[in-house]
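This report concerns only the one structure given below.
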Amino acid sequence: MPFARLAAATTPTCHIGLGLAAVGRPGYINLGRDRDLGEDRTVEALRERTHDLLDAAYAQGVRYFDAARSYGRSEEFLADWLRERPDADDVVVGSKWGYTYTADWSTDAEKHEVKDHGVATYDRQRAETDALLGDRLDLYQIHSLTPDSPALGDKELHARLAEAAAQGRTIGFSTSGPAQADAIRAALAVTVDGEPLFRTVQSTYNALETSAGPALAEAHEAGLTVIVKEGMANGRLADRHAPDVLRAVAEETALGCDAVALALVLRQPWAGVVLSGAATVSQLGSNLHAAVVDLDDDQVARLGTLVEAPEAYWERRGQLPWH
């Protein structure tokens with residue numbers, strides 16, 4: 001499996017990846033975007049920002065980069081960088097299909113993305129992704145599976161995905177919403193010709209939202225690589241917005257709240273890759289300090305008091321505005 005190449009990486013930060021959701025398009029739901037991105041959000045400005053982040057991440061040992069069709073021009077920006085950096089032949093590239101970006105480079109669009117897990121959308125978006133990333137694409141994921149997604153029972157789609165796997169792609173899925181655990185377990189049961197279809201799972205897990213943890217442990221036990229997204233809870237765990245408990249633990253470690261929040265995820269035995277969603281090079285550098293944070297049992301227990309009910313967490317996330 002192409003994605004398995006990541007296991008050969010030995011840098012201290014190889015278990016931290018860079019997600020491009022925050023920089024591939026001008027609008028997103030992360031807190032603090034006005035401060036992070038400023039007013040210049042032209043295509044060229046965000047292309048340059050993305051390339052700066054990719055350069056910095058690669059130089060500091062990050063080897064997994066994560067994009068999606070719905071992240072604006074993230075695939076295009078990443079493809080451009082890969083062409084300019086032929087020496088970066090050890091990176092592992094993942095993308096996702098299932099959402100179509102509809103904001104037309106606007107921050108105040110009525111809808112920024114439209115979800116569709118049908119075969120026609122897969123065929124169209126797979127062609128679009130292949131045109132940009134070609135054989136540099138290692139991992140292709142269904143974007144945001146939920147228990148009611150038709151992708152879980154669509155045999156024609158499963159056959160298409162199995163064909164892509166036979167052609168050299170690793171096939172995975174991501175999840176979202178308060179029933180992530182149910183979606184993960186349903187996806188683990190999907191087989192084609194008696195073989196499991198999915199080899200990776202990407203889910204939201206952080207100090208506030210831990211409900212997917214047991215299912216992610218089951219996925220890891222079943223042989224899937226677990227990728228964690230939204231470890232910063234869309235900015236709710238960043239220094240400016242962090243709860244007092246997280247601030248206190250961060251002060252004890254002499255590192256940022258972001259590093260502590262990501263370290264809490266990294267210490268999970270099933271966590272294969274934890275994504276940084278940094279929008280600036282300085283944020284990325286701070287995020288990467290997570291690799292050296294050593295939390296003791298008391299600190300972990302105190303951070304455990306931050307957990308919210310999944311329904312409350314996802315309701316709050318759904319209310320975050322697109323900046």
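By order of appearance in the structure tokens: chains A, B, ..., then residues from 1 within every chain, and ligands from 1 in the order shown.
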Item to complete: Identify, with DSSP run on backbone atoms, the residues in region 74-171 of chain A assigned to alpha helix (DSSP H), and express the list as a ChimeraX atom specification.
Response: /A:74-84,119-133,155-166
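Residues with any atom within 12 Å of Thr42 (chain A), counting only C-alpha atoms and excluding same-chain neighbours fewer than 5 positions away, are Val23, Gly24, Arg25, Pro26, Gly27, Leu37, Arg47, Glu48, Arg49, Gly72, Arg73, Asp104, Trp105, Ser106 and Thr107 of chain A.
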Fill in: Neighbour list for region 162-177 of chain A as an MDAnalysis selection string, cut-off 6 Å, only C-alpha atoms, skip fewer than 6 positions in-chain
chainID A and resid 1 3 138:145 198:203
DSSP on the backbone: what in region 78-270 of chain A comes out strand (DSSP E or B), as an mmCIF file with all heavy atoms, in the first residue's frame?
```
data_model
loop_
_atom_site.group_PDB
_atom_site.id
_atom_site.type_symbol
_atom_site.label_atom_id
_atom_site.label_comp_id
_atom_site.auth_asym_id
_atom_site.auth_seq_id
_atom_site.Cartn_x
_atom_site.Cartn_y
_atom_site.Cartn_z
ATOM 1 N N VAL A 92 4.271 11.639 1.593
ATOM 2 C CA VAL A 92 3.067 10.860 1.349
ATOM 3 C C VAL A 92 1.908 11.846 1.220
ATOM 4 O O VAL A 92 1.734 12.730 2.062
ATOM 5 C CB VAL A 92 2.812 9.858 2.483
ATOM 6 C CG1 VAL A 92 1.487 9.131 2.285
ATOM 7 C CG2 VAL A 92 3.967 8.855 2.558
ATOM 8 N N VAL A 93 1.135 11.715 0.156
ATOM 9 C CA VAL A 93 0.096 12.686 -0.175
ATOM 10 C C VAL A 93 -1.279 12.037 -0.069
ATOM 11 O O VAL A 93 -1.526 10.973 -0.653
ATOM 12 C CB VAL A 93 0.308 13.238 -1.597
ATOM 13 C CG1 VAL A 93 -0.864 14.128 -2.014
ATOM 14 C CG2 VAL A 93 1.621 14.008 -1.673
ATOM 15 N N GLY A 94 -2.160 12.696 0.658
ATOM 16 C CA GLY A 94 -3.535 12.236 0.754
ATOM 17 C C GLY A 94 -4.499 13.307 0.303
ATOM 18 O O GLY A 94 -4.229 14.503 0.448
ATOM 19 N N SER A 95 -5.616 12.909 -0.279
ATOM 20 C CA SER A 95 -6.680 13.847 -0.592
ATOM 21 C C SER A 95 -8.020 13.155 -0.349
ATOM 22 O O SER A 95 -8.063 11.978 0.021
ATOM 23 C CB SER A 95 -6.573 14.371 -2.022
ATOM 24 O OG SER A 95 -7.402 15.506 -2.204
ATOM 25 N N LYS A 96 -9.097 13.904 -0.562
ATOM 26 C CA LYS A 96 -10.434 13.396 -0.275
ATOM 27 C C LYS A 96 -11.399 13.825 -1.361
ATOM 28 O O LYS A 96 -11.217 14.869 -1.989
ATOM 29 C CB LYS A 96 -10.941 13.936 1.071
ATOM 30 C CG LYS A 96 -9.978 13.783 2.227
ATOM 31 C CD LYS A 96 -10.567 14.365 3.504
ATOM 32 C CE LYS A 96 -9.481 14.687 4.482
ATOM 33 N NZ LYS A 96 -8.709 15.876 4.094
ATOM 34 N N TRP A 97 -12.441 13.031 -1.534
ATOM 35 C CA TRP A 97 -13.521 13.361 -2.452
ATOM 36 C C TRP A 97 -14.831 13.227 -1.695
ATOM 37 O O TRP A 97 -14.916 12.554 -0.676
ATOM 38 C CB TRP A 97 -13.508 12.419 -3.662
ATOM 39 C CG TRP A 97 -13.949 11.027 -3.310
ATOM 40 C CD1 TRP A 97 -13.180 10.013 -2.827
ATOM 41 C CD2 TRP A 97 -15.291 10.530 -3.350
ATOM 42 N NE1 TRP A 97 -13.946 8.909 -2.570
ATOM 43 C CE2 TRP A 97 -15.251 9.190 -2.883
ATOM 44 C CE3 TRP A 97 -16.515 11.071 -3.731
ATOM 45 C CZ2 TRP A 97 -16.393 8.398 -2.793
ATOM 46 C CZ3 TRP A 97 -17.655 10.289 -3.643
ATOM 47 C CH2 TRP A 97 -17.580 8.954 -3.180
ATOM 48 N N TYR A 99 -17.039 16.131 -1.247
ATOM 49 C CA TYR A 99 -17.547 17.496 -1.124
ATOM 50 C C TYR A 99 -17.050 18.286 -2.332
ATOM 51 O O TYR A 99 -15.886 18.158 -2.722
ATOM 52 C CB TYR A 99 -17.037 18.186 0.137
ATOM 53 C CG TYR A 99 -17.833 17.927 1.387
ATOM 54 C CD1 TYR A 99 -17.517 16.857 2.219
ATOM 55 C CD2 TYR A 99 -18.887 18.755 1.759
ATOM 56 C CE1 TYR A 99 -18.229 16.621 3.377
ATOM 57 C CE2 TYR A 99 -19.603 18.535 2.917
ATOM 58 C CZ TYR A 99 -19.278 17.468 3.728
ATOM 59 O OH TYR A 99 -19.982 17.232 4.876
ATOM 60 N N THR A 100 -17.904 19.127 -2.873
ATOM 61 C CA THR A 100 -17.540 20.022 -3.964
ATOM 62 C C THR A 100 -17.466 21.447 -3.425
ATOM 63 O O THR A 100 -18.398 21.916 -2.753
ATOM 64 C CB THR A 100 -18.575 19.956 -5.100
ATOM 65 O OG1 THR A 100 -18.613 18.618 -5.622
ATOM 66 C CG2 THR A 100 -18.220 20.931 -6.221
ATOM 67 N N TYR A 101 -16.357 22.114 -3.692
ATOM 68 C CA TYR A 101 -16.175 23.501 -3.264
ATOM 69 C C TYR A 101 -17.046 24.411 -4.120
ATOM 70 O O TYR A 101 -16.964 24.388 -5.354
ATOM 71 C CB TYR A 101 -14.700 23.885 -3.410
ATOM 72 C CG TYR A 101 -14.372 25.318 -3.040
ATOM 73 C CD1 TYR A 101 -14.520 25.765 -1.729
ATOM 74 C CD2 TYR A 101 -13.899 26.218 -3.989
ATOM 75 C CE1 TYR A 101 -14.217 27.073 -1.383
ATOM 76 C CE2 TYR A 101 -13.586 27.523 -3.652
ATOM 77 C CZ TYR A 101 -13.748 27.949 -2.347
ATOM 78 O OH TYR A 101 -13.436 29.250 -2.007
ATOM 79 N N GLU A 113 -19.501 24.454 0.468
ATOM 80 C CA GLU A 113 -19.244 23.121 -0.060
ATOM 81 C C GLU A 113 -20.529 22.311 -0.040
ATOM 82 O O GLU A 113 -21.399 22.528 0.807
ATOM 83 C CB GLU A 113 -18.141 22.425 0.746
ATOM 84 C CG GLU A 113 -18.360 22.434 2.251
ATOM 85 C CD GLU A 113 -17.155 21.987 3.038
ATOM 86 O OE1 GLU A 113 -16.034 22.038 2.502
ATOM 87 O OE2 GLU A 113 -17.328 21.590 4.207
ATOM 88 N N VAL A 114 -20.649 21.403 -0.995
ATOM 89 C CA VAL A 114 -21.839 20.567 -1.114
ATOM 90 C C VAL A 114 -21.404 19.105 -1.079
ATOM 91 O O VAL A 114 -20.501 18.693 -1.809
ATOM 92 C CB VAL A 114 -22.594 20.867 -2.423
ATOM 93 C CG1 VAL A 114 -23.761 19.895 -2.598
ATOM 94 C CG2 VAL A 114 -23.096 22.306 -2.416
ATOM 95 N N LYS A 115 -22.064 18.330 -0.247
ATOM 96 C CA LYS A 115 -21.688 16.927 -0.032
ATOM 97 C C LYS A 115 -22.469 16.001 -0.959
ATOM 98 O O LYS A 115 -23.675 16.156 -1.142
ATOM 99 C CB LYS A 115 -21.955 16.543 1.427
ATOM 100 C CG LYS A 115 -21.523 15.143 1.827
ATOM 101 C CD LYS A 115 -21.779 14.937 3.305
ATOM 102 C CE LYS A 115 -21.298 13.580 3.791
ATOM 103 N NZ LYS A 115 -21.518 13.394 5.246
ATOM 104 N N LEU A 139 -3.006 8.377 -1.054
ATOM 105 C CA LEU A 139 -4.195 8.030 -0.274
ATOM 106 C C LEU A 139 -5.388 8.823 -0.767
ATOM 107 O O LEU A 139 -5.329 10.043 -0.870
ATOM 108 C CB LEU A 139 -3.931 8.347 1.211
ATOM 109 C CG LEU A 139 -5.136 8.297 2.156
ATOM 110 C CD1 LEU A 139 -5.685 6.879 2.253
ATOM 111 C CD2 LEU A 139 -4.752 8.821 3.540
ATOM 112 N N TYR A 140 -6.491 8.126 -1.068
ATOM 113 C CA TYR A 140 -7.721 8.803 -1.475
ATOM 114 C C TYR A 140 -8.814 8.387 -0.505
ATOM 115 O O TYR A 140 -9.083 7.195 -0.322
ATOM 116 C CB TYR A 140 -8.094 8.432 -2.902
ATOM 117 C CG TYR A 140 -8.826 9.540 -3.629
ATOM 118 C CD1 TYR A 140 -8.534 10.875 -3.409
ATOM 119 C CD2 TYR A 140 -9.818 9.228 -4.557
ATOM 120 C CE1 TYR A 140 -9.200 11.888 -4.102
ATOM 121 C CE2 TYR A 140 -10.488 10.230 -5.262
ATOM 122 C CZ TYR A 140 -10.168 11.561 -5.017
ATOM 123 O OH TYR A 140 -10.836 12.555 -5.704
ATOM 124 N N GLN A 141 -9.455 9.399 0.102
ATOM 125 C CA GLN A 141 -10.395 9.151 1.190
ATOM 126 C C GLN A 141 -11.797 9.659 0.856
ATOM 127 O O GLN A 141 -11.942 10.715 0.234
ATOM 128 C CB GLN A 141 -9.915 9.892 2.457
ATOM 129 C CG GLN A 141 -8.503 9.540 2.874
ATOM 130 C CD GLN A 141 -7.867 10.653 3.702
ATOM 131 O OE1 GLN A 141 -7.933 10.615 4.916
ATOM 132 N NE2 GLN A 141 -7.260 11.636 3.048
ATOM 133 N N ILE A 142 -12.820 8.925 1.296
ATOM 134 C CA ILE A 142 -14.172 9.458 1.269
ATOM 135 C C ILE A 142 -14.245 10.546 2.336
ATOM 136 O O ILE A 142 -13.849 10.335 3.477
ATOM 137 C CB ILE A 142 -15.218 8.375 1.560
ATOM 138 C CG1 ILE A 142 -15.101 7.215 0.579
ATOM 139 C CG2 ILE A 142 -16.619 8.968 1.501
ATOM 140 C CD1 ILE A 142 -16.073 6.084 0.865
ATOM 141 N N HIS A 143 -14.768 11.696 1.977
ATOM 142 C CA HIS A 143 -14.764 12.850 2.861
ATOM 143 C C HIS A 143 -15.995 12.857 3.765
ATOM 144 O O HIS A 143 -17.120 12.968 3.293
ATOM 145 C CB HIS A 143 -14.724 14.128 2.027
ATOM 146 C CG HIS A 143 -14.220 15.330 2.760
ATOM 147 N ND1 HIS A 143 -13.784 16.461 2.122
ATOM 148 C CD2 HIS A 143 -14.058 15.574 4.077
ATOM 149 C CE1 HIS A 143 -13.386 17.353 3.004
ATOM 150 N NE2 HIS A 143 -13.560 16.830 4.207
ATOM 151 N N SER A 144 -15.769 12.733 5.059
ATOM 152 C CA SER A 144 -16.815 12.882 6.087
ATOM 153 C C SER A 144 -17.943 11.863 5.974
ATOM 154 O O SER A 144 -19.108 12.206 5.764
ATOM 155 C CB SER A 144 -17.387 14.302 6.064
ATOM 156 O OG SER A 144 -16.432 15.237 6.492
ATOM 157 N N LEU A 145 -17.587 10.608 6.144
ATOM 158 C CA LEU A 145 -18.606 9.568 6.275
ATOM 159 C C LEU A 145 -19.411 9.791 7.551
ATOM 160 O O LEU A 145 -18.868 10.122 8.604
ATOM 161 C CB LEU A 145 -17.957 8.192 6.358
ATOM 162 C CG LEU A 145 -17.706 7.392 5.090
ATOM 163 C CD1 LEU A 145 -17.167 6.019 5.464
ATOM 164 C CD2 LEU A 145 -18.964 7.253 4.247
ATOM 165 N N THR A 170 -4.014 3.793 -1.833
ATOM 166 C CA THR A 170 -4.575 3.380 -0.561
ATOM 167 C C THR A 170 -5.932 4.059 -0.425
ATOM 168 O O THR A 170 -6.069 5.242 -0.720
ATOM 169 C CB THR A 170 -3.661 3.785 0.601
ATOM 170 O OG1 THR A 170 -2.402 3.115 0.465
ATOM 171 C CG2 THR A 170 -4.277 3.421 1.945
ATOM 172 N N ILE A 171 -6.942 3.321 0.026
ATOM 173 C CA ILE A 171 -8.293 3.842 0.138
ATOM 174 C C ILE A 171 -8.658 4.015 1.614
ATOM 175 O O ILE A 171 -8.464 3.104 2.425
ATOM 176 C CB ILE A 171 -9.309 2.914 -0.542
ATOM 177 C CG1 ILE A 171 -8.962 2.745 -2.028
ATOM 178 C CG2 ILE A 171 -10.727 3.450 -0.383
ATOM 179 C CD1 ILE A 171 -8.937 4.041 -2.821
ATOM 180 N N GLY A 172 -9.158 5.205 1.946
ATOM 181 C CA GLY A 172 -9.536 5.486 3.322
ATOM 182 C C GLY A 172 -10.821 6.281 3.385
ATOM 183 O O GLY A 172 -11.496 6.502 2.378
ATOM 184 N N PHE A 173 -11.161 6.720 4.576
ATOM 185 C CA PHE A 173 -12.349 7.543 4.778
ATOM 186 C C PHE A 173 -12.119 8.461 5.960
ATOM 187 O O PHE A 173 -11.288 8.190 6.828
ATOM 188 C CB PHE A 173 -13.598 6.679 5.017
ATOM 189 C CG PHE A 173 -13.562 5.869 6.297
ATOM 190 C CD1 PHE A 173 -14.158 6.328 7.461
ATOM 191 C CD2 PHE A 173 -12.909 4.636 6.335
ATOM 192 C CE1 PHE A 173 -14.118 5.586 8.634
ATOM 193 C CE2 PHE A 173 -12.865 3.885 7.505
ATOM 194 C CZ PHE A 173 -13.475 4.364 8.663
ATOM 195 N N SER A 174 -12.822 9.592 5.950
ATOM 196 C CA SER A 174 -12.820 10.462 7.119
ATOM 197 C C SER A 174 -14.218 10.488 7.706
ATOM 198 O O SER A 174 -15.192 10.082 7.050
ATOM 199 C CB SER A 174 -12.348 11.880 6.766
ATOM 200 O OG SER A 174 -13.333 12.581 6.031
ATOM 201 N N THR A 175 -14.341 10.961 8.939
ATOM 202 C CA THR A 175 -15.634 11.007 9.613
ATOM 203 C C THR A 175 -15.840 12.381 10.233
ATOM 204 O O THR A 175 -14.895 13.134 10.457
ATOM 205 C CB THR A 175 -15.746 9.944 10.716
ATOM 206 O OG1 THR A 175 -14.778 10.232 11.750
ATOM 207 C CG2 THR A 175 -15.502 8.550 10.173
ATOM 208 N N THR A 191 -16.417 -4.761 2.896
ATOM 209 C CA THR A 191 -15.435 -5.615 2.234
ATOM 210 C C THR A 191 -15.750 -5.711 0.743
ATOM 211 O O THR A 191 -16.889 -5.506 0.312
ATOM 212 C CB THR A 191 -15.425 -7.036 2.829
ATOM 213 O OG1 THR A 191 -16.730 -7.634 2.663
ATOM 214 C CG2 THR A 191 -15.068 -7.016 4.314
ATOM 215 N N VAL A 192 -14.735 -6.022 -0.031
ATOM 216 C CA VAL A 192 -14.883 -6.321 -1.448
ATOM 217 C C VAL A 192 -14.144 -7.623 -1.705
ATOM 218 O O VAL A 192 -12.957 -7.741 -1.398
ATOM 219 C CB VAL A 192 -14.305 -5.200 -2.337
ATOM 220 C CG1 VAL A 192 -14.370 -5.589 -3.807
ATOM 221 C CG2 VAL A 192 -15.071 -3.896 -2.105
ATOM 222 N N GLU A 195 -12.222 -8.950 1.269
ATOM 223 C CA GLU A 195 -11.121 -8.182 1.840
ATOM 224 C C GLU A 195 -11.605 -6.811 2.305
ATOM 225 O O GLU A 195 -12.432 -6.192 1.640
ATOM 226 C CB GLU A 195 -10.008 -7.993 0.796
ATOM 227 C CG GLU A 195 -9.325 -9.278 0.370
ATOM 228 C CD GLU A 195 -8.569 -9.925 1.521
ATOM 229 O OE1 GLU A 195 -8.016 -9.181 2.358
ATOM 230 O OE2 GLU A 195 -8.548 -11.168 1.583
ATOM 231 N N PRO A 196 -11.091 -6.319 3.442
ATOM 232 C CA PRO A 196 -11.481 -4.978 3.894
ATOM 233 C C PRO A 196 -11.154 -3.942 2.830
ATOM 234 O O PRO A 196 -10.090 -3.983 2.218
ATOM 235 C CB PRO A 196 -10.639 -4.771 5.155
ATOM 236 C CG PRO A 196 -10.265 -6.154 5.611
ATOM 237 C CD PRO A 196 -10.130 -6.976 4.355
ATOM 238 N N THR A 200 -7.265 3.248 5.906
ATOM 239 C CA THR A 200 -7.018 4.372 6.807
ATOM 240 C C THR A 200 -8.356 4.965 7.236
ATOM 241 O O THR A 200 -9.357 4.838 6.537
ATOM 242 C CB THR A 200 -6.179 5.502 6.151
ATOM 243 O OG1 THR A 200 -6.969 6.195 5.194
ATOM 244 C CG2 THR A 200 -4.922 4.959 5.498
ATOM 245 N N VAL A 201 -8.330 5.621 8.392
ATOM 246 C CA VAL A 201 -9.486 6.364 8.869
ATOM 247 C C VAL A 201 -8.983 7.693 9.418
ATOM 248 O O VAL A 201 -7.980 7.742 10.122
ATOM 249 C CB VAL A 201 -10.275 5.591 9.941
ATOM 250 C CG1 VAL A 201 -9.377 5.086 11.063
ATOM 251 C CG2 VAL A 201 -11.385 6.464 10.531
ATOM 252 N N GLN A 202 -9.668 8.777 9.067
ATOM 253 C CA GLN A 202 -9.323 10.110 9.549
ATOM 254 C C GLN A 202 -10.519 10.671 10.309
ATOM 255 O O GLN A 202 -11.601 10.836 9.738
ATOM 256 C CB GLN A 202 -8.959 11.027 8.373
ATOM 257 C CG GLN A 202 -8.576 12.420 8.802
ATOM 258 C CD GLN A 202 -8.133 13.312 7.656
ATOM 259 O OE1 GLN A 202 -8.331 14.514 7.681
ATOM 260 N NE2 GLN A 202 -7.524 12.713 6.632
ATOM 261 N N SER A 203 -10.317 10.957 11.599
ATOM 262 C CA SER A 203 -11.437 11.389 12.439
ATOM 263 C C SER A 203 -11.054 12.571 13.315
ATOM 264 O O SER A 203 -9.870 12.809 13.585
ATOM 265 C CB SER A 203 -11.909 10.236 13.334
ATOM 266 O OG SER A 203 -12.428 9.168 12.571
ATOM 267 N N THR A 204 -12.075 13.276 13.772
ATOM 268 C CA THR A 204 -11.887 14.354 14.732
ATOM 269 C C THR A 204 -11.710 13.771 16.122
ATOM 270 O O THR A 204 -12.532 12.957 16.580
ATOM 271 C CB THR A 204 -13.098 15.307 14.717
ATOM 272 O OG1 THR A 204 -13.183 15.945 13.445
ATOM 273 C CG2 THR A 204 -12.989 16.358 15.805
ATOM 274 N N THR A 225 -4.476 2.561 9.498
ATOM 275 C CA THR A 225 -3.736 3.706 10.011
ATOM 276 C C THR A 225 -4.736 4.781 10.399
ATOM 277 O O THR A 225 -5.620 5.128 9.611
ATOM 278 C CB THR A 225 -2.767 4.266 8.962
ATOM 279 O OG1 THR A 225 -1.806 3.266 8.634
ATOM 280 C CG2 THR A 225 -2.043 5.500 9.500
ATOM 281 N N VAL A 226 -4.602 5.303 11.613
ATOM 282 C CA VAL A 226 -5.509 6.330 12.111
ATOM 283 C C VAL A 226 -4.869 7.706 11.927
ATOM 284 O O VAL A 226 -3.751 7.954 12.378
ATOM 285 C CB VAL A 226 -5.846 6.103 13.595
ATOM 286 C CG1 VAL A 226 -6.682 7.268 14.137
ATOM 287 C CG2 VAL A 226 -6.582 4.779 13.776
ATOM 288 N N ILE A 227 -5.589 8.584 11.246
ATOM 289 C CA ILE A 227 -5.184 9.978 11.077
ATOM 290 C C ILE A 227 -6.154 10.829 11.888
ATOM 291 O O ILE A 227 -7.368 10.656 11.789
ATOM 292 C CB ILE A 227 -5.245 10.404 9.596
ATOM 293 C CG1 ILE A 227 -4.412 9.466 8.726
ATOM 294 C CG2 ILE A 227 -4.771 11.843 9.423
ATOM 295 C CD1 ILE A 227 -4.628 9.657 7.235
ATOM 296 N N VAL A 228 -5.628 11.712 12.700
ATOM 297 C CA VAL A 228 -6.474 12.563 13.539
ATOM 298 C C VAL A 228 -6.509 13.974 12.971
ATOM 299 O O VAL A 228 -5.460 14.569 12.715
ATOM 300 C CB VAL A 228 -5.974 12.594 14.993
ATOM 301 C CG1 VAL A 228 -6.819 13.565 15.819
ATOM 302 C CG2 VAL A 228 -6.026 11.201 15.600
ATOM 303 N N LYS A 229 -7.709 14.482 12.776
ATOM 304 C CA LYS A 229 -7.903 15.858 12.306
ATOM 305 C C LYS A 229 -8.519 16.690 13.425
ATOM 306 O O LYS A 229 -9.053 16.158 14.395
ATOM 307 C CB LYS A 229 -8.795 15.897 11.070
ATOM 308 C CG LYS A 229 -10.220 15.369 11.274
ATOM 309 C CD LYS A 229 -10.980 15.335 9.966
ATOM 310 C CE LYS A 229 -12.355 14.697 10.099
ATOM 311 N NZ LYS A 229 -13.331 15.545 10.790
#
```
Worksheet item: Hey, what's within 8 Å of Ser211 (chain A) if we count only C-alpha atoms and toss same-chain stuff fewer than 6 positions away? As a list of chain:residue names, please?
Response: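 Neighbouring residues, sequence-local ones excluded: A:Pro178, A:Gln180, A:Ala181, A:Tyr205, A:Pro310.
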Practice prompt. Counting only C-alpha atoms, figure out which residue out of A:His220, A:Arg83, A:Arg41, A:His51 gets nearest to Leu132 (chain A).
Written response: A:Arg83
Skipping near chain neighbours, those fewer than 5 positions away, what residues fall within 8 Å of Leu262 (chain A) using only C-alpha atoms, listed as a compact mmCIF listing (two decimals) with all heavy atoms, in the first residue's frame?
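Contents of the output file selection_26.txt:
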```
# COMPACT_ATOMS: atom_id res chain seq x y z
N ASN A 206 -9.93 15.34 19.93
CA ASN A 206 -9.16 16.37 20.62
C ASN A 206 -9.56 16.40 22.09
O ASN A 206 -10.38 15.58 22.53
CB ASN A 206 -9.36 17.74 19.94
CG ASN A 206 -10.82 18.15 19.84
OD1 ASN A 206 -11.53 18.20 20.85
ND2 ASN A 206 -11.29 18.42 18.62
N GLY A 231 -7.31 18.42 15.79
CA GLY A 231 -6.74 18.27 17.13
C GLY A 231 -6.77 19.57 17.92
O GLY A 231 -6.67 19.55 19.16
N MET A 232 -6.92 20.69 17.22
CA MET A 232 -7.01 22.00 17.86
C MET A 232 -8.46 22.48 17.97
O MET A 232 -8.70 23.63 18.33
CB MET A 232 -6.18 23.02 17.08
CG MET A 232 -4.70 22.74 17.08
SD MET A 232 -4.03 22.89 18.75
CE MET A 232 -4.39 24.61 19.05
N VAL A 274 -1.14 12.77 13.33
CA VAL A 274 -1.96 13.85 13.87
C VAL A 274 -1.72 15.08 13.02
O VAL A 274 -0.58 15.51 12.85
CB VAL A 274 -1.63 14.13 15.35
CG1 VAL A 274 -2.47 15.30 15.87
CG2 VAL A 274 -1.86 12.89 16.20
N ASN A 287 3.17 24.11 16.70
CA ASN A 287 2.48 22.81 16.67
C ASN A 287 3.46 21.65 16.75
O ASN A 287 3.23 20.64 17.43
CB ASN A 287 1.66 22.66 15.38
CG ASN A 287 0.39 23.48 15.33
OD1 ASN A 287 -0.33 23.44 14.34
ND2 ASN A 287 0.10 24.25 16.37
N ALA A 290 4.76 19.65 19.75
CA ALA A 290 3.99 18.57 20.37
C ALA A 290 4.79 17.28 20.44
O ALA A 290 4.57 16.46 21.34
CB ALA A 290 2.70 18.34 19.58
```
Just want the 7 Å neighbourhood of Leu237 (chain A), counted on only C-alpha atoms, with same-chain residues fewer than 2 positions away dropped. Output as a short mmCIF file (atom, residue, chain, number, x, y, z; two decimals) with all heavy atoms, in the first residue's frame.
```cif
data_model
loop_
_atom_site.label_atom_id
_atom_site.label_comp_id
_atom_site.auth_asym_id
_atom_site.auth_seq_id
_atom_site.Cartn_x
_atom_site.Cartn_y
_atom_site.Cartn_z
N MET A 232 -6.92 20.69 17.22
CA MET A 232 -7.01 22.00 17.86
C MET A 232 -8.46 22.48 17.97
O MET A 232 -8.70 23.63 18.33
CB MET A 232 -6.18 23.02 17.08
CG MET A 232 -4.70 22.74 17.08
SD MET A 232 -4.03 22.89 18.75
CE MET A 232 -4.39 24.61 19.05
N ALA A 233 -9.40 21.63 17.62
CA ALA A 233 -10.83 21.97 17.73
C ALA A 233 -11.15 23.28 17.01
O ALA A 233 -11.85 24.14 17.54
CB ALA A 233 -11.27 22.03 19.19
N GLY A 235 -9.41 25.83 16.47
CA GLY A 235 -8.89 27.01 17.14
C GLY A 235 -9.37 27.19 18.56
O GLY A 235 -8.86 28.07 19.28
N ASP A 239 -3.95 29.28 21.95
CA ASP A 239 -3.65 30.10 23.12
C ASP A 239 -4.71 31.14 23.42
O ASP A 239 -5.12 31.31 24.57
CB ASP A 239 -2.30 30.81 22.91
CG ASP A 239 -1.12 29.85 23.00
OD1 ASP A 239 -1.33 28.71 23.47
OD2 ASP A 239 -0.01 30.22 22.60
N HIS A 241 -7.86 31.24 22.84
CA HIS A 241 -9.20 30.74 23.19
C HIS A 241 -9.15 29.57 24.17
O HIS A 241 -10.21 29.07 24.53
CB HIS A 241 -9.92 30.31 21.92
CG HIS A 241 -9.95 31.36 20.85
ND1 HIS A 241 -10.83 32.42 20.88
CD2 HIS A 241 -9.19 31.54 19.74
CE1 HIS A 241 -10.62 33.19 19.83
NE2 HIS A 241 -9.64 32.68 19.11
N ALA A 242 -7.98 29.15 24.58
CA ALA A 242 -7.84 27.92 25.36
C ALA A 242 -8.50 28.04 26.74
O ALA A 242 -8.45 29.09 27.37
CB ALA A 242 -6.37 27.59 25.53
N CYS A 257 -0.23 26.23 24.21
CA CYS A 257 -1.43 25.42 24.37
C CYS A 257 -1.63 24.48 23.19
O CYS A 257 -2.10 23.36 23.35
CB CYS A 257 -2.66 26.32 24.51
SG CYS A 257 -2.73 27.29 26.04
N ASP A 258 -1.24 24.94 22.00
CA ASP A 258 -1.39 24.11 20.81
C ASP A 258 -0.53 22.86 20.90
O ASP A 258 -0.97 21.76 20.57
CB ASP A 258 -1.07 24.91 19.56
CG ASP A 258 0.34 25.47 19.56
OD1 ASP A 258 0.82 25.89 20.63
OD2 ASP A 258 0.97 25.50 18.48
N ALA A 261 -2.12 20.48 23.37
CA ALA A 261 -3.34 19.88 22.83
C ALA A 261 -3.02 18.78 21.83
O ALA A 261 -3.64 17.71 21.85
CB ALA A 261 -4.20 20.96 22.18
#
```
Worksheet item: From the list A:Tyr71, A:Tyr122, A:Trp314, A:Tyr58, which residue is nearest Thr11 (chain A) when using only C-alpha atoms?
Response: A:Tyr58
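When only C-alpha atoms are used to compute distances to Pro321 (chain A), the closest of the residues A:Leu306, A:Leu266, A:Ala9, A:Ile29 turns out to be A:Ile29.
Summary of the local environment: counting only C-alpha atoms, residues at most 8 Å from Gly256 (chain A), other than itself and those fewer than 4 positions away along its chain, are Asp239, Ala250, Glu251, Val260 and Ser286 of chain A.
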Discussion item. My list of candidates is A:Ala120, A:Ala215, A:Tyr28, A:Gly304. Which is closest to Ala103 (chain A) when distances are computed with only C-alpha atoms?
Written reply: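 Of all the options, A:Tyr28 lies closest to Ala103 (chain A).
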